[in-house]
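Trainee: Have a look at this one before I ask anything.
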Amino acid sequence: MNSVKGHIVDVVRREIFDGELVINNGIIAEVKRCTLPEQEKPWGYVMPGFIDSHVHIESSMMVPHKFARIAVSHGTIGVVADPHEIGNVLGIKGIDYMIRSGKEARFNFLFGAPSCVPAVGGDIETSGAVIDAKDIEVLMAREDIGFLAEMMNYLGVLAGEKEVMQKIDAARRHGKPVDGHAPGLTGSQRKQYADAGISTDHECSTLDEGRACIDAGMKVIIREGSAAKDYQALSKLIAERPDMVMLCTDDCHPDDFVRGHINQIVKRALVDGYDLWDVLQVACVNAQKHYNVNWGLLQVGDPATFITIDRLTPHFRVESTVIRGVEAFNYNACLLSNHSDLDEHILDFEFPNDFVAMPITAEDIDIVLKPGDNVHIIHTSDGSLLTEHEEVKLTGNPLFDSHYPWTEVQKIVVYNRYVPGAKPIVGLVRGFDVKEGAIASSVAHDCHNIVAIGSSDEYIVQAVNRIVEMQGGQVVVSADEMMDIPLPIAGLMAPMGGHEIAFRTLCIQEMVKKIGCQMKSPFITMAFMCLPVIPDIKMTDKHLMDTKNFKAIY
């Protein structure tokens with residue numbers, strides 16, 4: 001590719017002009033203003049591509065180089081990726097796998113070093129690996145690691161815990177940003193968290209929280225993922241402080257991802273009437289500046305990385321995506337050019353994993369409940385990672401004859417997959433409304449033990465044991481059918497293309513609806529039932545946790 005003509009959208013100078021980009025060896029050598037000749041098809045708008053400022057690629061169930069194929073079709077030219085999920089399963093070996101896979105794609109990946117592996121201490125849950133302060137020091141010195149990923153242990157930051165502060169100090173000494181994760185933190189505690197050197201947060205879920213974050217000097221990354229959706233609450237920040245806002249999906253399920261990415265948030269913001277230049281600033285520019293990368297802003301000397309869209313309205317279509325001078329996507333053609341010269345299958349036969357769990361029986365998940373007992377119930381809702389803590393004094397068995405309607409309360413089981421001979425832990429959850437069947441998964445944030453929810457012990461056992469048999473995956477069981485998606489790569493990803501994974505995901509989610517659960521993203525919601533750094537109550541392989549006060553209930 002030697003040149004591209006069109007309506008040039010210059011986000012740096014905030015102007016649009018007719019012109020031509022002259023490209024030499026993947027670099028923009030010249031930006032010419034010129035009159036565009038008449039042609040039958042209207043000239044497109046050439047503009048910088050979109051950036052996902054915080055994403056766990058593992059949540060797409062795709063390996064990075066296949067994630068890139070889908071991303072470029074939506075005009076995404078780069079992602080700031082936290083390999084936290086595979087880091088919890090395989091440690092640095094897992095991070096290296098993601099980086100190797102990313103190098104197979106003509107795409108911009110900026111990988112970070114997970115700061116909380118495990119997310120909490122080993123007395124709370126079991127992970128497959130530990131990445132300590134010494135490991136972070138080594139990772140921060142690497143050129144292929146661009147930042148310290150979300151510091152979820154905000155209580156450790158506030159308490160000045162030595163190990164936590166050493167990790168942050170390592171990033172700061174190497175001049176690399178530190179991402180945050182501090183849901184609900186405001187006031188002096190938010191200021192203290194920011195003053196420790198933490199510069200972003202994607203967990204803000206209210207406008208007041210977002211404003212407090214910016215007032216403390218932190219950038220707000222507005223999240224619109226498959227389970228957590230914060231755009232509606234936070235979008236006013238785009239107009240108020242466009243210099244302090246970025247966009248992300250965080251966890252994006254494959255069936256959502258094939259339909260759209262950051263482009264969908266951009267369209268929504270334009271529909272809502274936000275200024276075009278402010279929207280492009282938060283979607284294309286701020287991440288590059290914050291993370292100290294030059295992925296292309298259509299300036300002379302920049303990489304020739306950009307997208308072409310058909311119109312500058314909320315109904316735009318991405319016509320092409322160019323990465324470093326090579327067309328990676330064109331809506332009129334099937335391109336393989338977003339891959340490097342490496343054999344694209346080189347990693348498709350490498351299935352790193354850590355899975356030693358054995359099959360369970362119904363006796364392993366039996367719990368005794370009797371009238372007069374106080375029970376703790378996890379109350380979840382669709383579209384939120386937050387849960388409510390309900391404490392109920394039984395007048396009967398909550399699975400059968402309590403004041404809750406039939407099937408409203410089910411068992412939730414979390415089963416350690418890393419330690420032979422471990423026993424499942426059992427709790428109660430409401431909100432999934434599974435009427436006859438069970439769902440299970442080895443995607444369970446953040447340690448990724450097995451999690452299952454079902455209407456009976458028999459269904460739960462069938463689902464869990466299928467996960468064990470596959471060495472990772474997702475399963476739905478009904479009275480007469482079982483459907484699954486094998487995830488042999490760390491129990492998190494499949495060696496399949498994005499559209500195939502998305503199709504299987506849609507099929508399995510349709511079956512979930514047939515057994516009663518009407519959640520839009522049941523597997524992602526279930527995965528977050530195991531994350532003890534998000535309030536109010538969660539389940540690990542060792543405890544039912546009061547995560548608001550961070551103490552074990554049992």
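Chains: A, B, ... in order of the structure tokens. Residues: from 1 per chain. Ligands: from 1, in order shown.
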For segment 169-178 of chain A, find every residue with an atom within 8 Å (counting only C-alpha atoms), except residues of its own chain fewer than 5 positions away, and show them as an NGL selection string.
Mentor: :A and (136-137 or 140-141 or 146-151 or 197-200 or 290-291)
Trainee: Could you tell me, as an MDAnalysis selection string, which residues of segment 171-321 of chain A DSSP assigns to strand (DSSP E) when given the backbone?
Mentor: chainID A and resid 178:180 200:201 219:223 245:248 306:309 318:321
Trainee: Residues at most 8 Å from segment 525-537 of chain A, counting only C-alpha atoms, excluding those fewer than 4 positions away in the same chain, as a ChimeraX atom specification?
Mentor: /A:119-120,152-153,183,227,378,382-389,414,441,443-446,451-452,521,544-548,550
Trainee: As a PyMOL selection string, which residues of segment 158-392 of chain A does DSSP assign to helix (DSSP H, G or I)?
Mentor: chain A and resi 158-159+162-173+187-195+207-215+231-234+236-240+242-244+254-257+262-271+276-290+362-365
Trainee: May I ask which of the residues A:Gln474, A:Thr76, A:Ser235, A:Thr505 is the closest one to Trp295 of chain A, counting only C-alpha atoms?
Mentor: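 Looking only at the distances to Trp295 of chain A, the closest residue turns out to be A:Thr76.
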Trainee: Got a sec: who's within 7 Å of Leu428 of chain A, counting only C-alpha atoms, leaving out chain neighbours fewer than 4 positions off, as an MDAnalysis selection string?
Mentor: chainID A and resid 377:378 409:412
Trainee: For a quick check of understanding, using only C-alpha atoms, which of A:Ala113, A:Asp208, A:Val80, A:Ile553 has the smallest distance to Asn374 of chain A?
Mentor: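 The answer is A:Ile553, which sits nearest to Asn374 of chain A.
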Trainee: Please determine, counting only C-alpha atoms, which residue among A:Cys116, A:Leu185, A:Val318, A:Ile467 has the shortest atom-to-atom distance to Val356 of chain A.
Mentor: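 Looking only at the distances to Val356 of chain A, the closest residue turns out to be A:Ile467.
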Trainee: So that I can see what lies close to Phe432 of chain A, please list as a list in words the residues with an atom at most 8 Å from it, counting only C-alpha atoms and leaving out residues fewer than 3 positions away in the same chain.
Mentor: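 Close residues of Phe432 of chain A: Thr380, Ser381, Glu408, Val429, Cys517, Gln518, Met519 and Pro522 of chain A.
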Trainee: Residues within 12 Å of Ala196 of chain A, please, as a PyMOL selection string. Count only C-alpha atoms; anything in the same chain fewer than 4 positions from it doesn't count.
Mentor: chain A and resi 151+154+156-161+164-169+171-172+177-180+189-192+200+216-218
Trainee: Would you put the residues from that selection into a file with C-alpha atoms, as a PDB file, in the first residue's frame?
Mentor:
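Printed below is part_26.pdb as written:
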```
ATOM      1  CA  MET A 151      -4.311  -3.605  41.229  1.00  0.00           C
ATOM      2  CA  TYR A 154      -7.015  -1.989  46.985  1.00  0.00           C
ATOM      3  CA  GLY A 156      -3.556  -3.855  50.503  1.00  0.00           C
ATOM      4  CA  VAL A 157      -2.757  -0.521  48.875  1.00  0.00           C
ATOM      5  CA  LEU A 158      -4.603   1.404  51.571  1.00  0.00           C
ATOM      6  CA  ALA A 159      -2.853  -0.628  54.270  1.00  0.00           C
ATOM      7  CA  GLY A 160       0.545  -0.117  52.620  1.00  0.00           C
ATOM      8  CA  GLU A 161       1.243  -3.853  52.465  1.00  0.00           C
ATOM      9  CA  VAL A 164       1.695  -4.765  47.125  1.00  0.00           C
ATOM     10  CA  MET A 165       3.746  -1.588  47.322  1.00  0.00           C
ATOM     11  CA  GLN A 166       6.823  -3.355  45.954  1.00  0.00           C
ATOM     12  CA  LYS A 167       4.882  -4.312  42.837  1.00  0.00           C
ATOM     13  CA  ILE A 168       3.693  -0.745  42.304  1.00  0.00           C
ATOM     14  CA  ASP A 169       7.175   0.640  42.945  1.00  0.00           C
ATOM     15  CA  ALA A 171       6.291  -0.422  37.679  1.00  0.00           C
ATOM     16  CA  ARG A 172       6.949   3.195  38.573  1.00  0.00           C
ATOM     17  CA  PRO A 177       1.605   2.846  34.180  1.00  0.00           C
ATOM     18  CA  VAL A 178      -0.296   1.077  36.959  1.00  0.00           C
ATOM     19  CA  ASP A 179      -3.929   0.189  36.338  1.00  0.00           C
ATOM     20  CA  GLY A 180      -6.483   0.206  39.127  1.00  0.00           C
ATOM     21  CA  GLN A 189      -9.420   6.492  50.383  1.00  0.00           C
ATOM     22  CA  ARG A 190      -9.729   7.111  46.643  1.00  0.00           C
ATOM     23  CA  LYS A 191      -7.125   9.870  46.927  1.00  0.00           C
ATOM     24  CA  GLN A 192      -4.815   7.579  48.894  1.00  0.00           C
ATOM     25  CA  THR A 200      -6.774   4.294  35.953  1.00  0.00           C
ATOM     26  CA  ALA A 216      -8.113  12.120  42.478  1.00  0.00           C
ATOM     27  CA  GLY A 217      -6.114  12.296  39.237  1.00  0.00           C
ATOM     28  CA  MET A 218      -7.101   8.912  37.787  1.00  0.00           C
TER      29      MET A 218
END
```
Trainee: Might you pull out every residue within 9 Å of segment 296-307 of chain A, with only C-alpha atoms counted and same-chain residues fewer than 6 positions away left off, and present them as a PyMOL selection string?
Mentor: chain A and resi 8-12+21+23-31+45-50+72+75-77+284-285+288+318-326
Trainee: Under the rule that only C-alpha atoms are counted, which of A:Leu247, A:Ile524, A:Val468, A:Leu270 is the nearest residue to Ala228 of chain A?
Mentor: A:Ile524
Trainee: So how many Å separate atom CA of Lys267 of chain A and atom CA of Val279 of chain A, to one decimal?
Mentor: 9.3 Å
Trainee: What is the distance between atom CA of Gly184 of chain A and atom CA of Val220 of chain A, in Å to one decimal?
Mentor: 13.2 Å
Trainee: Using only C-alpha atoms, which of A:Arg13, A:Ala490, A:Asn108, A:Lys41 sits nearest Asn294 of chain A?
Mentor: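 Smallest distance to Asn294 of chain A is found for A:Asn108.
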Trainee: Between A:Leu207, A:Ile145, A:Ala233, A:Ile70, which residue has the minimum interatomic distance to Asp82 of chain A, considering only C-alpha atoms?
Mentor: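 Closest candidate: A:Ile145.
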